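K.L.:
Hey, dropping upload-v1.cif in here, mmCIF, C-alpha atoms:
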data_structure
#
loop_
_atom_site.label_atom_id
_atom_site.label_comp_id
_atom_site.auth_asym_id
_atom_site.auth_seq_id
_atom_site.Cartn_x
_atom_site.Cartn_y
_atom_site.Cartn_z
CA MET H 18 -8.43 30.86 -2.02
CA ILE H 19 -9.58 28.70 0.88
CA LYS H 20 -6.99 28.20 3.61
CA VAL H 21 -7.38 24.75 5.19
CA GLY H 22 -5.74 23.47 8.35
CA LEU H 23 -5.55 19.70 8.84
CA PHE H 24 -4.77 18.64 12.41
CA LEU H 25 -3.52 15.23 13.57
CA ASP H 26 -1.75 13.97 16.71
CA THR H 27 0.78 11.81 14.83
CA TYR H 28 2.42 11.87 11.40
CA PHE H 29 5.23 10.58 9.21
CA PRO H 30 7.67 8.89 9.65
CA MET H 31 5.06 6.96 11.64
CA VAL H 32 2.68 5.19 9.27
CA ASP H 33 -0.94 4.22 9.80
CA GLY H 34 -4.26 4.53 8.03
CA VAL H 35 -5.20 7.94 9.43
CA ILE H 36 -1.83 9.42 8.48
CA ASN H 37 -2.32 8.17 4.93
CA VAL H 38 -5.78 9.74 4.82
CA VAL H 39 -4.48 13.15 5.90
CA HIS H 40 -1.55 12.97 3.49
CA ASN H 41 -3.78 12.15 0.54
CA TYR H 42 -6.21 14.92 1.50
CA ALA H 43 -3.37 17.45 1.81
CA ALA H 44 -1.56 16.48 -1.40
CA ARG H 45 -4.69 16.71 -3.54
CA LEU H 46 -5.93 19.92 -1.94
CA ALA H 47 -2.49 21.48 -2.48
CA ALA H 48 -2.66 20.58 -6.18
CA ASP H 49 -5.85 22.62 -6.52
CA GLY H 50 -5.19 26.34 -6.98
CA ASP H 51 -8.34 27.17 -5.01
CA PHE H 52 -6.95 25.69 -1.79
CA ASP H 53 -3.98 26.49 0.45
CA VAL H 54 -3.41 23.65 2.92
CA THR H 55 -1.27 23.36 6.04
CA VAL H 56 -0.90 20.17 8.08
CA PHE H 57 -0.41 20.70 11.83
CA VAL H 58 1.23 17.65 13.40
CA PRO H 59 3.88 16.62 15.98
CA LYS H 60 7.58 16.04 15.36
CA HIS H 61 8.87 12.47 15.30
CA GLY H 62 12.64 12.38 15.56
CA LYS H 63 15.20 15.08 14.81
CA LYS H 64 16.54 13.54 11.59
CA TYR H 65 13.23 13.30 9.73
CA VAL H 66 12.75 16.04 7.11
CA ASP H 67 9.37 16.82 5.57
CA ASN H 68 9.30 16.66 1.78
CA PHE H 69 5.68 17.11 0.83
CA PRO H 70 3.83 19.17 -1.79
CA TYR H 71 2.09 21.02 1.06
CA LYS H 72 3.08 22.98 4.16
CA THR H 73 3.60 21.27 7.51
CA VAL H 74 3.88 22.84 10.94
CA ARG H 75 5.38 20.55 13.57
CA CYS H 76 5.13 20.78 17.36
CA LYS H 77 7.35 19.27 20.02
CA SER H 78 6.58 15.76 21.23
CA VAL H 79 7.82 13.24 23.80
CA ARG H 80 8.50 9.68 22.74
CA PHE H 81 7.21 6.82 24.89
CA PHE H 82 9.07 3.70 23.86
CA ILE H 83 6.51 1.36 25.44
CA ILE H 84 3.88 2.49 22.92
CA ASP H 85 3.88 3.12 19.19
CA TYR H 86 3.16 6.83 19.33
CA SER H 87 4.62 10.04 20.77
CA LEU H 88 2.84 12.53 23.01
CA PRO H 89 2.47 15.90 21.23
CA LEU H 90 3.15 19.07 23.24
CA PRO H 91 1.68 21.90 21.11
CA LYS H 92 0.90 24.13 24.09
CA LEU H 93 4.58 24.13 25.09
CA ASP H 94 5.87 24.98 21.61
CA ARG H 95 6.06 28.74 20.96
CA LYS H 96 6.99 28.37 17.29
CA PHE H 97 4.05 26.06 16.69
CA LYS H 98 1.61 28.40 18.44
CA ARG H 99 2.95 31.40 16.51
CA ALA H 100 2.66 29.60 13.16
CA LEU H 101 -0.92 28.61 13.98
CA LYS H 102 -1.75 32.15 15.08
CA GLU H 103 -0.40 33.56 11.80
CA SER H 104 -2.01 30.93 9.55
CA GLU H 105 -5.24 32.89 8.86
CA LEU H 106 -7.18 29.67 8.25
CA ASP H 107 -10.68 29.60 6.76
CA ILE H 108 -11.55 26.13 8.07
CA VAL H 109 -10.11 23.66 10.58
CA HIS H 110 -10.38 19.92 9.93
CA ILE H 111 -9.25 17.68 12.79
CA HIS H 112 -8.53 13.98 12.44
CA SER H 113 -7.88 13.23 16.12
CA PRO H 114 -9.39 14.74 19.26
CA PHE H 115 -6.29 14.98 21.43
CA MET H 116 -3.59 17.63 21.97
CA VAL H 117 -3.14 18.89 18.40
CA GLY H 118 -6.72 18.30 17.34
CA SER H 119 -8.24 20.10 20.31
CA MET H 120 -5.91 23.07 19.71
CA GLY H 121 -7.25 23.27 16.17
CA VAL H 122 -10.83 23.42 17.45
CA LYS H 123 -9.93 26.17 19.94
CA TYR H 124 -8.33 28.18 17.15
CA ALA H 125 -11.50 27.85 15.07
CA LYS H 126 -13.73 28.97 17.94
CA LYS H 127 -11.51 31.96 18.70
CA HIS H 128 -11.49 33.15 15.08
CA GLY H 129 -15.12 32.37 14.23
CA ILE H 130 -14.33 29.87 11.48
CA PRO H 131 -15.82 26.38 11.07
CA ALA H 132 -14.23 23.36 12.70
CA ILE H 133 -15.02 19.90 11.38
CA ALA H 134 -13.83 16.46 12.45
CA THR H 135 -13.40 13.08 10.82
CA MET H 136 -13.76 10.08 13.13
CA HIS H 137 -11.43 7.25 12.16
CA SER H 138 -10.90 5.01 15.19
CA GLN H 139 -12.83 2.91 17.67
CA PHE H 140 -11.55 4.81 20.71
CA GLU H 141 -13.46 2.73 23.21
CA GLN H 142 -11.38 -0.32 22.31
CA ASP H 143 -8.13 1.67 22.55
CA PHE H 144 -8.97 3.18 25.94
CA TYR H 145 -10.08 -0.07 27.50
CA ARG H 146 -7.08 -1.97 26.17
CA ALA H 147 -4.77 0.65 27.68
CA THR H 148 -6.49 1.02 31.06
CA HIS H 149 -8.47 -2.21 31.64
CA SER H 150 -10.99 0.02 33.40
CA LYS H 151 -14.55 0.59 32.23
CA LEU H 152 -14.81 3.72 34.38
CA ILE H 153 -11.63 5.33 33.01
CA THR H 154 -12.67 4.34 29.49
CA LYS H 155 -16.03 6.04 30.00
CA ILE H 156 -14.37 9.22 31.29
CA MET H 157 -11.85 9.34 28.41
CA LEU H 158 -14.57 8.68 25.85
CA LYS H 159 -16.61 11.55 27.29
CA LYS H 160 -13.63 13.90 26.87
CA VAL H 161 -13.11 12.77 23.28
CA MET H 162 -16.76 13.31 22.39
CA LYS H 163 -16.70 16.75 23.99
CA VAL H 164 -14.11 17.78 21.39
CA PHE H 165 -16.02 16.21 18.51
CA ASN H 166 -19.36 17.68 19.63
CA SER H 167 -17.83 21.16 19.78
CA CYS H 168 -17.19 21.01 16.03
CA ASP H 169 -19.61 22.47 13.51
CA GLU H 170 -19.82 19.18 11.64
CA PHE H 171 -18.33 15.70 11.93
CA TYR H 172 -17.98 12.68 9.71
CA GLY H 173 -17.47 8.95 9.94
CA VAL H 174 -15.40 7.16 7.33
CA SER H 175 -18.28 4.73 6.77
CA PRO H 176 -21.94 4.44 7.84
CA ALA H 177 -20.93 1.86 10.45
CA VAL H 178 -18.32 4.19 11.96
CA SER H 179 -20.93 6.95 12.13
CA GLN H 180 -23.16 4.58 14.09
CA VAL H 181 -20.28 3.78 16.46
CA PHE H 182 -19.80 7.46 17.27
CA LEU H 183 -23.51 8.01 17.71
CA ARG H 184 -23.32 5.29 20.36
CA TYR H 185 -20.31 7.04 21.90
CA GLY H 186 -22.38 10.20 22.38
CA ALA H 187 -22.27 12.22 19.16
CA ARG H 188 -24.99 14.88 19.27
CA HIS H 189 -26.33 13.60 15.95
CA LEU H 190 -25.50 10.86 13.46
CA PRO H 191 -22.24 11.88 11.76
CA LEU H 192 -22.23 12.35 8.01
CA VAL H 193 -20.06 10.04 5.92
CA LEU H 194 -16.87 10.92 4.02
CA GLY H 195 -15.46 7.70 2.63
CA ASN H 196 -11.76 7.12 2.04
CA GLY H 197 -10.11 6.20 -1.24
CA THR H 198 -6.92 4.81 -2.70
CA GLU H 199 -4.31 6.13 -5.10
CA MET H 200 -3.73 2.58 -6.35
CA SER H 201 -5.00 2.09 -9.89
CA PRO H 202 -5.86 -1.28 -11.43
CA ALA H 203 -2.88 -3.13 -12.91
CA GLU H 204 -2.59 -2.80 -16.68
CA ASP H 205 -1.64 -6.48 -16.97
CA ARG H 206 -2.83 -8.44 -13.96
CA GLU H 207 -1.42 -11.77 -15.17
CA ALA H 208 2.04 -10.30 -15.78
CA ALA H 209 2.01 -8.68 -12.33
CA ALA H 210 1.09 -12.00 -10.70
CA ALA H 211 3.79 -13.81 -12.70
CA SER H 212 6.40 -11.35 -11.42
CA VAL H 213 5.50 -12.32 -7.84
CA ASN H 214 5.80 -16.02 -8.70
CA GLU H 215 9.28 -15.41 -10.05
CA ARG H 216 10.40 -13.23 -7.13
CA TYR H 217 9.26 -15.64 -4.41
CA ASN H 218 9.55 -18.93 -6.32
CA LEU H 219 5.82 -19.69 -6.15
CA PRO H 220 4.16 -22.38 -8.29
CA ALA H 221 1.59 -20.81 -10.61
CA ASP H 222 -1.17 -23.12 -9.36
CA MET H 223 -0.54 -22.52 -5.63
CA PRO H 224 -3.24 -20.57 -3.75
CA VAL H 225 -1.72 -17.43 -2.22
CA PHE H 226 -3.26 -15.41 0.62
CA ILE H 227 -2.09 -12.01 1.81
CA PHE H 228 -2.27 -9.79 4.88
CA VAL H 229 -1.12 -6.16 4.62
CA GLY H 230 -0.84 -3.96 7.68
CA ARG H 231 0.73 -3.58 11.09
CA ILE H 232 1.66 -6.91 12.65
CA THR H 233 -0.23 -6.53 15.90
CA VAL H 234 -2.66 -8.59 17.92
CA LEU H 235 -5.09 -5.69 17.49
CA LYS H 236 -5.55 -6.84 13.90
CA ASN H 237 -6.09 -10.48 14.89
CA VAL H 238 -2.93 -11.81 13.23
CA LEU H 239 -2.63 -14.65 15.75
CA PHE H 240 -6.21 -15.67 14.97
CA LEU H 241 -5.23 -15.73 11.32
CA ALA H 242 -2.34 -18.13 11.97
CA GLU H 243 -4.63 -20.40 13.99
CA ALA H 244 -7.18 -20.42 11.16
CA LEU H 245 -4.56 -21.30 8.54
CA ALA H 246 -3.43 -24.20 10.71
CA LYS H 247 -6.94 -25.64 10.38
CA LEU H 248 -6.59 -26.01 6.62
CA LYS H 249 -6.08 -29.71 5.95
CA ASP H 250 -4.56 -29.04 2.53
CA LYS H 251 -1.28 -27.27 3.24
CA HIS H 252 -0.76 -26.42 -0.45
CA PHE H 253 -0.78 -22.62 0.01
CA LYS H 254 1.41 -19.64 0.80
CA MET H 255 0.54 -16.89 3.24
CA LEU H 256 2.25 -13.52 2.69
CA PHE H 257 2.50 -11.14 5.65
CA VAL H 258 3.30 -7.63 4.43
CA GLY H 259 4.17 -5.23 7.23
CA ASP H 260 5.92 -5.14 10.56
CA GLY H 261 5.03 -4.41 14.15
CA LYS H 262 5.67 -5.12 17.78
CA ASP H 263 3.88 -8.49 17.68
CA MET H 264 5.92 -9.96 14.84
CA PRO H 265 7.95 -12.16 17.27
CA ALA H 266 4.71 -13.53 18.75
CA LEU H 267 3.35 -14.25 15.28
CA LYS H 268 6.51 -16.05 14.17
CA LYS H 269 6.57 -18.11 17.35
CA LEU H 270 2.96 -19.20 16.86
CA VAL H 271 3.49 -19.97 13.15
CA THR H 272 6.39 -22.26 14.09
CA LYS H 273 4.38 -23.90 16.86
CA LEU H 274 1.54 -24.59 14.43
CA GLY H 275 3.90 -26.13 11.86
CA LEU H 276 3.29 -23.43 9.24
CA ASP H 277 6.85 -22.25 8.62
CA ASP H 278 6.86 -23.67 5.09
CA ASN H 279 3.58 -21.92 4.30
CA VAL H 280 4.40 -18.41 5.49
CA ILE H 281 6.58 -15.70 3.96
CA TYR H 282 7.29 -12.52 5.94
CA LEU H 283 7.88 -9.66 3.53
CA GLY H 284 8.24 -6.83 6.04
CA ARG H 285 7.28 -3.29 5.17
CA ILE H 286 7.06 -2.59 1.45
CA SER H 287 6.97 1.03 0.31
CA ASP H 288 6.99 0.27 -3.42
CA ARG H 289 3.32 0.67 -4.42
CA GLU H 290 3.78 -1.23 -7.69
CA GLN H 291 5.10 -4.18 -5.73
CA ILE H 292 2.10 -4.05 -3.39
CA LYS H 293 -0.15 -3.92 -6.44
CA ALA H 294 1.52 -7.01 -7.91
CA LEU H 295 1.13 -8.89 -4.62
CA PHE H 296 -2.59 -8.18 -4.60
CA CYS H 297 -2.82 -9.38 -8.19
CA ARG H 298 -1.21 -12.68 -7.19
CA ALA H 299 -3.25 -13.20 -4.02
CA LYS H 300 -6.40 -15.26 -4.14
CA LEU H 301 -7.72 -13.61 -0.97
CA PHE H 302 -6.88 -10.66 1.23
CA LEU H 303 -7.29 -12.15 4.72
CA PHE H 304 -8.31 -9.42 7.17
CA PRO H 305 -9.91 -10.75 10.38
CA SER H 306 -9.41 -7.48 12.32
CA MET H 307 -12.15 -6.43 14.74
CA TYR H 308 -10.15 -3.29 15.58
CA ASP H 309 -10.12 -1.29 12.35
CA ALA H 310 -12.90 1.18 11.64
CA SER H 311 -12.20 1.50 7.91
CA SER H 312 -9.48 -0.31 6.02
CA LEU H 313 -7.60 1.57 3.30
CA VAL H 314 -5.94 -1.71 2.39
CA GLN H 315 -9.32 -3.20 1.60
CA LYS H 316 -9.78 -0.56 -1.11
CA GLU H 317 -6.29 -1.28 -2.43
CA ALA H 318 -7.14 -4.96 -2.71
CA ALA H 319 -10.44 -4.12 -4.40
CA SER H 320 -8.61 -1.96 -6.95
CA GLN H 321 -6.95 -5.18 -8.15
CA SER H 322 -10.19 -7.21 -8.00
CA THR H 323 -8.89 -9.15 -4.98
CA PRO H 324 -11.69 -9.90 -2.51
CA ALA H 325 -11.25 -9.77 1.25
CA LEU H 326 -12.33 -12.26 3.89
CA PHE H 327 -13.53 -10.58 7.09
CA VAL H 328 -15.07 -11.87 10.31
CA GLU H 329 -18.64 -11.29 11.39
CA GLY H 330 -19.18 -8.10 13.33
CA ALA H 331 -16.15 -6.27 11.94
CA VAL H 332 -16.92 -2.57 11.44
CA THR H 333 -14.61 -2.39 8.42
CA ALA H 334 -16.76 -5.04 6.71
CA SER H 335 -19.93 -2.95 6.99
CA ASP H 336 -19.97 -2.18 3.26
CA VAL H 337 -19.38 -5.82 2.32
CA THR H 338 -22.09 -8.31 1.41
CA ASP H 339 -20.95 -11.90 1.72
CA GLY H 340 -20.78 -13.57 -1.66
CA VAL H 341 -21.38 -10.30 -3.55
CA ASN H 342 -18.34 -8.02 -3.11
CA GLY H 343 -16.38 -9.85 -0.43
CA PHE H 344 -16.58 -12.68 2.06
CA ILE H 345 -17.48 -12.83 5.74
CA ALA H 346 -16.90 -15.75 8.12
CA PRO H 347 -17.81 -16.48 11.74
CA ALA H 348 -15.13 -15.36 14.20
CA THR H 349 -13.63 -18.75 15.05
CA PRO H 350 -10.46 -20.20 13.49
CA GLU H 351 -12.34 -23.35 12.44
CA GLU H 352 -15.13 -21.51 10.65
CA TYR H 353 -12.77 -18.97 9.11
CA ALA H 354 -10.71 -21.84 7.68
CA ALA H 355 -13.86 -23.58 6.45
CA LYS H 356 -14.85 -20.40 4.63
CA ILE H 357 -11.48 -20.31 2.85
CA VAL H 358 -12.01 -23.91 1.71
CA SER H 359 -15.52 -23.14 0.41
CA ILE H 360 -14.25 -20.07 -1.50
CA LEU H 361 -11.51 -22.08 -3.20
CA ALA H 362 -14.05 -24.73 -4.21
CA ASP H 363 -16.42 -22.39 -6.08
CA ASP H 364 -14.69 -20.71 -9.04
CA GLU H 365 -17.88 -19.22 -10.45
CA LEU H 366 -18.81 -17.46 -7.20
CA TYR H 367 -15.22 -16.35 -6.69
CA LYS H 368 -15.07 -14.63 -10.09
CA LYS H 369 -18.37 -12.92 -9.37
CA VAL H 370 -17.10 -11.60 -6.03
CA CYS H 371 -13.84 -10.37 -7.62
CA GLU H 372 -15.90 -8.26 -10.00
CA GLY H 373 -18.14 -7.07 -7.17
CA ALA H 374 -15.20 -6.01 -5.00
CA LYS H 375 -13.83 -3.72 -7.70
CA ARG H 376 -17.27 -2.46 -8.69
CA ASP H 377 -18.53 -1.64 -5.18
CA LEU H 378 -15.46 -0.94 -3.04
CA TYR H 379 -12.87 0.67 -5.30
CA ARG H 380 -12.84 4.46 -4.90
CA THR H 381 -10.04 6.83 -5.84
CA TRP H 382 -8.65 9.57 -3.63
CA ASP H 383 -9.46 12.07 -6.36
CA GLU H 384 -13.14 11.15 -6.05
CA ALA H 385 -12.99 11.34 -2.26
CA VAL H 386 -11.27 14.73 -2.21
CA GLU H 387 -13.72 16.27 -4.70
CA GLU H 388 -16.46 15.38 -2.23
CA LEU H 389 -14.36 16.86 0.59
CA LYS H 390 -13.94 20.16 -1.29
CA ASP H 391 -17.70 20.44 -1.72
CA GLU H 392 -18.14 19.94 2.02
CA TYR H 393 -15.56 22.62 2.83
CA ARG H 394 -17.33 25.14 0.60
CA ARG H 395 -20.76 24.25 1.99
CA ILE H 396 -19.72 24.52 5.63
CA ILE H 397 -17.81 27.79 5.15
CA GLU H 398 -20.87 29.36 3.48
CA GLU H 399 -23.19 28.08 6.21
CA LYS H 400 -20.88 29.48 8.90
CA LYS H 401 -20.96 32.90 7.24
CA ARG H 402 -24.77 32.93 7.42
CA VAL H 403 -24.87 32.18 11.14
#
Could you show the structure in this file as structure tokens?

P.N.:
Amino acid sequence: MIKVGLFLDTYFPMVDGVINVVHNYAARLAADGDFDVTVFVPKHGKKYVDNFPYKTVRCKSVRFFIIDYSLPLPKLDRKFKRALKESELDIVHIHSPFMVGSMGVKYAKKHGIPAIATMHSQFEQDFYRATHSKLITKIMLKKVMKVFNSCDEFYGVSPAVSQVFLRYGARHLPLVLGNGTEMSPAEDREAAAASVNERYNLPADMPVFIFVGRITVLKNVLFLAEALAKLKDKHFKMLFVGDGKDMPALKKLVTKLGLDDNVIYLGRISDREQIKALFCRAKLFLFPSMYDASSLVQKEAASQSTPALFVEGAVTASDVTDGVNGFIAPATPEEYAAKIVSILADDELYKKVCEGAKRDLYRTWDEAVEELKDEYRRIIEEKKRV
């Protein structure tokens, strides 16, 4: 049996793309009798109780209310350090390079086992947005890459992300381990779409667009509102699924732009079948984010044959070819709106792209984790030969 340790500097009840990746890795590894998996993560609140099909080890953390995440304190947590010491891991897999992640790498070095890392985020953007200093950003980026470069192997979640980390200072081009989705195609797409029409009182012939994710300026949600305001034909509905600290700013702008009748705020939705139905009803998944490195939601949309509209230069659109398996528009509200109009006007191309999105972008977590298992076995064997 291979004992795997997954390390991340945040976890449920917080929710983001990286947390979902680690959870799906852990759940599927735990279901395989050849793997014993433990997730090492920080605590988030005293009332939250883990209820997962895999082991979790939590460390103390300090909550900063001005930001979305807590600061883990693994070095100050005796129980955490003891549990890690007694874990007898065969491989360490970190998903963040900070407090918890770096402790995982140190454990691997001390015990002579392989440490690998998956790179999920565009850290340079995060650091500069937090500090507004190019010098501090450069210093922090150097520290992050020191952790990644000390691993035996590292991966990007897409070829474009691997290129980003090569630019950051990776000692070689990272390999690629793509993400997946547990969302399967709807058995009856038309019935699923009809259920959304009934729930939200939508005319069957009304174009519906959807955004799913955190409501934050990082994901360009204000840009999206400005683009929708440029549509001369206001016969559409825009569904915002999710919540976040910039929801008040979004609502204020939507009202200012005269779009209140066009927008429905659905908040966070945990029911996956409901999310599936919403994708079935949506004509387009509008995702103008320049922040994301790889969008899990994009794969969810593709599972329902719903194409996404990105902006030029977005890393998460690196596996998309405009007019083949998705759409890409210039990064101005006017041109983004014009692209929406052109998509709605060409039914033949639209149907072709719907098919292409599912064909090229849909990938299950089971497929992704089988590839991950092969990598674990390969790296463990290579480490033994060193």

K.L.:
One decimal, Å: what's the distance from CA of Glu384 in chain H over to CA of Leu106 in chain H, could you say?

P.N.:
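Between CA of Glu384 in chain H and CA of Leu106 in chain H the gap is 24.1 Å.
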
K.L.:
Just want the 6 Å neighbourhood of range 129-137 of chain H, counted on all atoms listed in the file, with same-chain residues fewer than 3 positions away dropped. Output as a list in words.

P.N.:
Asp107, Ile108, Val109, His110, Ile111, His112, Val122, Ala125, Lys126, Cys168, Asp169, Glu170, Phe171, Tyr172 and Gly173 of chain H

K.L.:
Output as a Markdown table one row per residue of range 150-251 of chain H within 12 Å of range 346-353 of chain H: the closest atom pair and its distance in Å to one decimal place, counting only C-alpha atoms, sorted by chain and residue number ascending.

P.N.:
| residue | atom | partner | partner_atom | distance |
| --- | --- | --- | --- | --- |
| H:Asn237 | CA | H:Ala348 | CA | 10.3 |
| H:Val238 | CA | H:Pro350 | CA | 11.3 |
| H:Leu239 | CA | H:Pro350 | CA | 9.9 |
| H:Phe240 | CA | H:Pro350 | CA | 6.4 |
| H:Leu241 | CA | H:Pro350 | CA | 7.2 |
| H:Ala242 | CA | H:Pro350 | CA | 8.5 |
| H:Glu243 | CA | H:Pro350 | CA | 5.9 |
| H:Ala244 | CA | H:Pro350 | CA | 4.0 |
| H:Leu245 | CA | H:Pro350 | CA | 7.8 |
| H:Ala246 | CA | H:Pro350 | CA | 8.6 |
| H:Lys247 | CA | H:Glu351 | CA | 6.2 |
| H:Leu248 | CA | H:Glu351 | CA | 8.6 |
| H:Lys249 | CA | H:Glu351 | CA | 11.0 |

K.L.:
H:Ala211, H:Val174, H:Val234, H:Leu46: which is nearest Asn196 in chain H, counting all atoms listed in the file?

P.N.:
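When distances to Asn196 in chain H are compared using all atoms listed in the file, the smallest one comes from H:Val174.
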
K.L.:
Which polymer residues, whether protein, DNA or RNA, lie within 9 Å of the coordinate (3.6, -4.7, -7.3) when you count all atoms listed in the file? List them as JSON, numbers by chain, using the chain letters and numbers from the file.

P.N.:
{"H": [203, 209, 210, 212, 213, 288, 289, 290, 291, 292, 293, 294, 295, 296, 297]}

K.L.:
Within 6 Å of (4.0, -8.3, 6.4), in the coordinates the file gives, what residues turn up when you count all atoms listed in the file, written out as a PyMOL selection string?

P.N.:
chain H and resi 229+257-260+282-284

K.L.:
Could you tell me which residues the PyMOL selection byres ((chain H and resi 160) around 12) grabs in this file, written as a PyMOL selection string?

P.N.:
chain H and resi 114-116+119+140-141+144+153-159+161-167+185-187

K.L.:
I'd like the contact shell of range 49-51 of chain H - 9 Å cut-off, all atoms listed in the file, skipping same-chain residues fewer than 3 positions apart - returned as a list in words.

P.N.:
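Contacts, with the query itself left out: Met18, Ile19, Lys20, Arg45 and Leu46 of chain H.
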
K.L.:
For the file shown, what are the residues hit by the PyMOL selection byres ((chain H and resi 308) around 9), laid out as a list of chain:residue names?

P.N.:
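Expected selection for the PyMOL selection byres ((chain H and resi 308) around 9) here is H:Ser138, H:Gln139, H:Gln142, H:Asp143, H:Leu235, H:Lys236, H:Asn237, H:Ser306, H:Met307, H:Asp309, H:Ala310, H:Ala331, H:Val332, H:Thr333.
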
K.L.:
Could you list the residues chosen by the PyMOL selection byres ((chain H and resi 117) around 7) in this structure as a list in words?

P.N.:
Phe24, Leu25, Asp26, Val58, Pro89, Pro91, Phe115, Met116, Gly118, Ser119, Met120 and Gly121 of chain H

K.L.:
Counting only C-alpha atoms, figure out which residue out of H:Val38, H:Gly275, H:Thr27, H:Leu101 gets nearest to Leu88 in chain H.

P.N.:
H:Thr27

K.L.:
Figure out the distance between CA of Ala266 in chain H and CA of His149 in chain H, please, to one decimal in Å.

P.N.:
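About the pair CA of His149 in chain H and CA of Ala266 in chain H: they are 21.6 Å apart.
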
K.L.:
For Ala354 in chain H, which residue among H:Lys96, H:Lys77, H:Lys63, H:Lys251 is the nearest when counting only C-alpha atoms?

P.N.:
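Distance minimum relative to Ala354 in chain H lands on H:Lys251.
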
K.L.:
So how far away is CA of Ser287 in chain H from CA of Pro265 in chain H, in Å?

P.N.:
21.5 Å

K.L.:
From the list H:Val66, H:Ile232, H:Leu274, H:Leu183, which residue is nearest Gly261 in chain H when using all atoms listed in the file?

P.N.:
H:Ile232

K.L.:
Got a sec: who's within 6 Å of range 317-320 of chain H, counting only C-alpha atoms, leaving out chain neighbours fewer than 3 positions off, as a PyMOL selection string?

P.N.:
chain H and resi 202+296+314+323+374-375+379

K.L.:
Find the residues around Gly22 in chain H up to 6 Å (all atoms listed in the file counted), leave out those fewer than 4 positions away in its own chain, and share them as a PyMOL selection string.

P.N.:
chain H and resi 54-56+109

K.L.:
Could the residues in this selection be written to a file with C-alpha atoms, as a CSV table (one decimal), in the frame of the given file?

P.N.:
chain,number,residue,atom,x,y,z
H,54,VAL,CA,-3.4,23.6,2.9
H,55,THR,CA,-1.3,23.4,6.0
H,56,VAL,CA,-0.9,20.2,8.1
H,109,VAL,CA,-10.1,23.7,10.6

K.L.:
Write out as a VMD selection string which residues come within 10 Å of Leu389 in chain H when counting all atoms listed in the file, dropping same-chain ones fewer than 4 positions away.

P.N.:
chain H and resid 42 46 194 to 195 383 to 385 393 to 395

K.L.:
Given only C-alpha atoms as the basis, pick out the residue of H:Leu301, H:Ile396, H:Leu256, H:Leu378 nearest to Ala334 in chain H.

P.N.:
H:Leu378
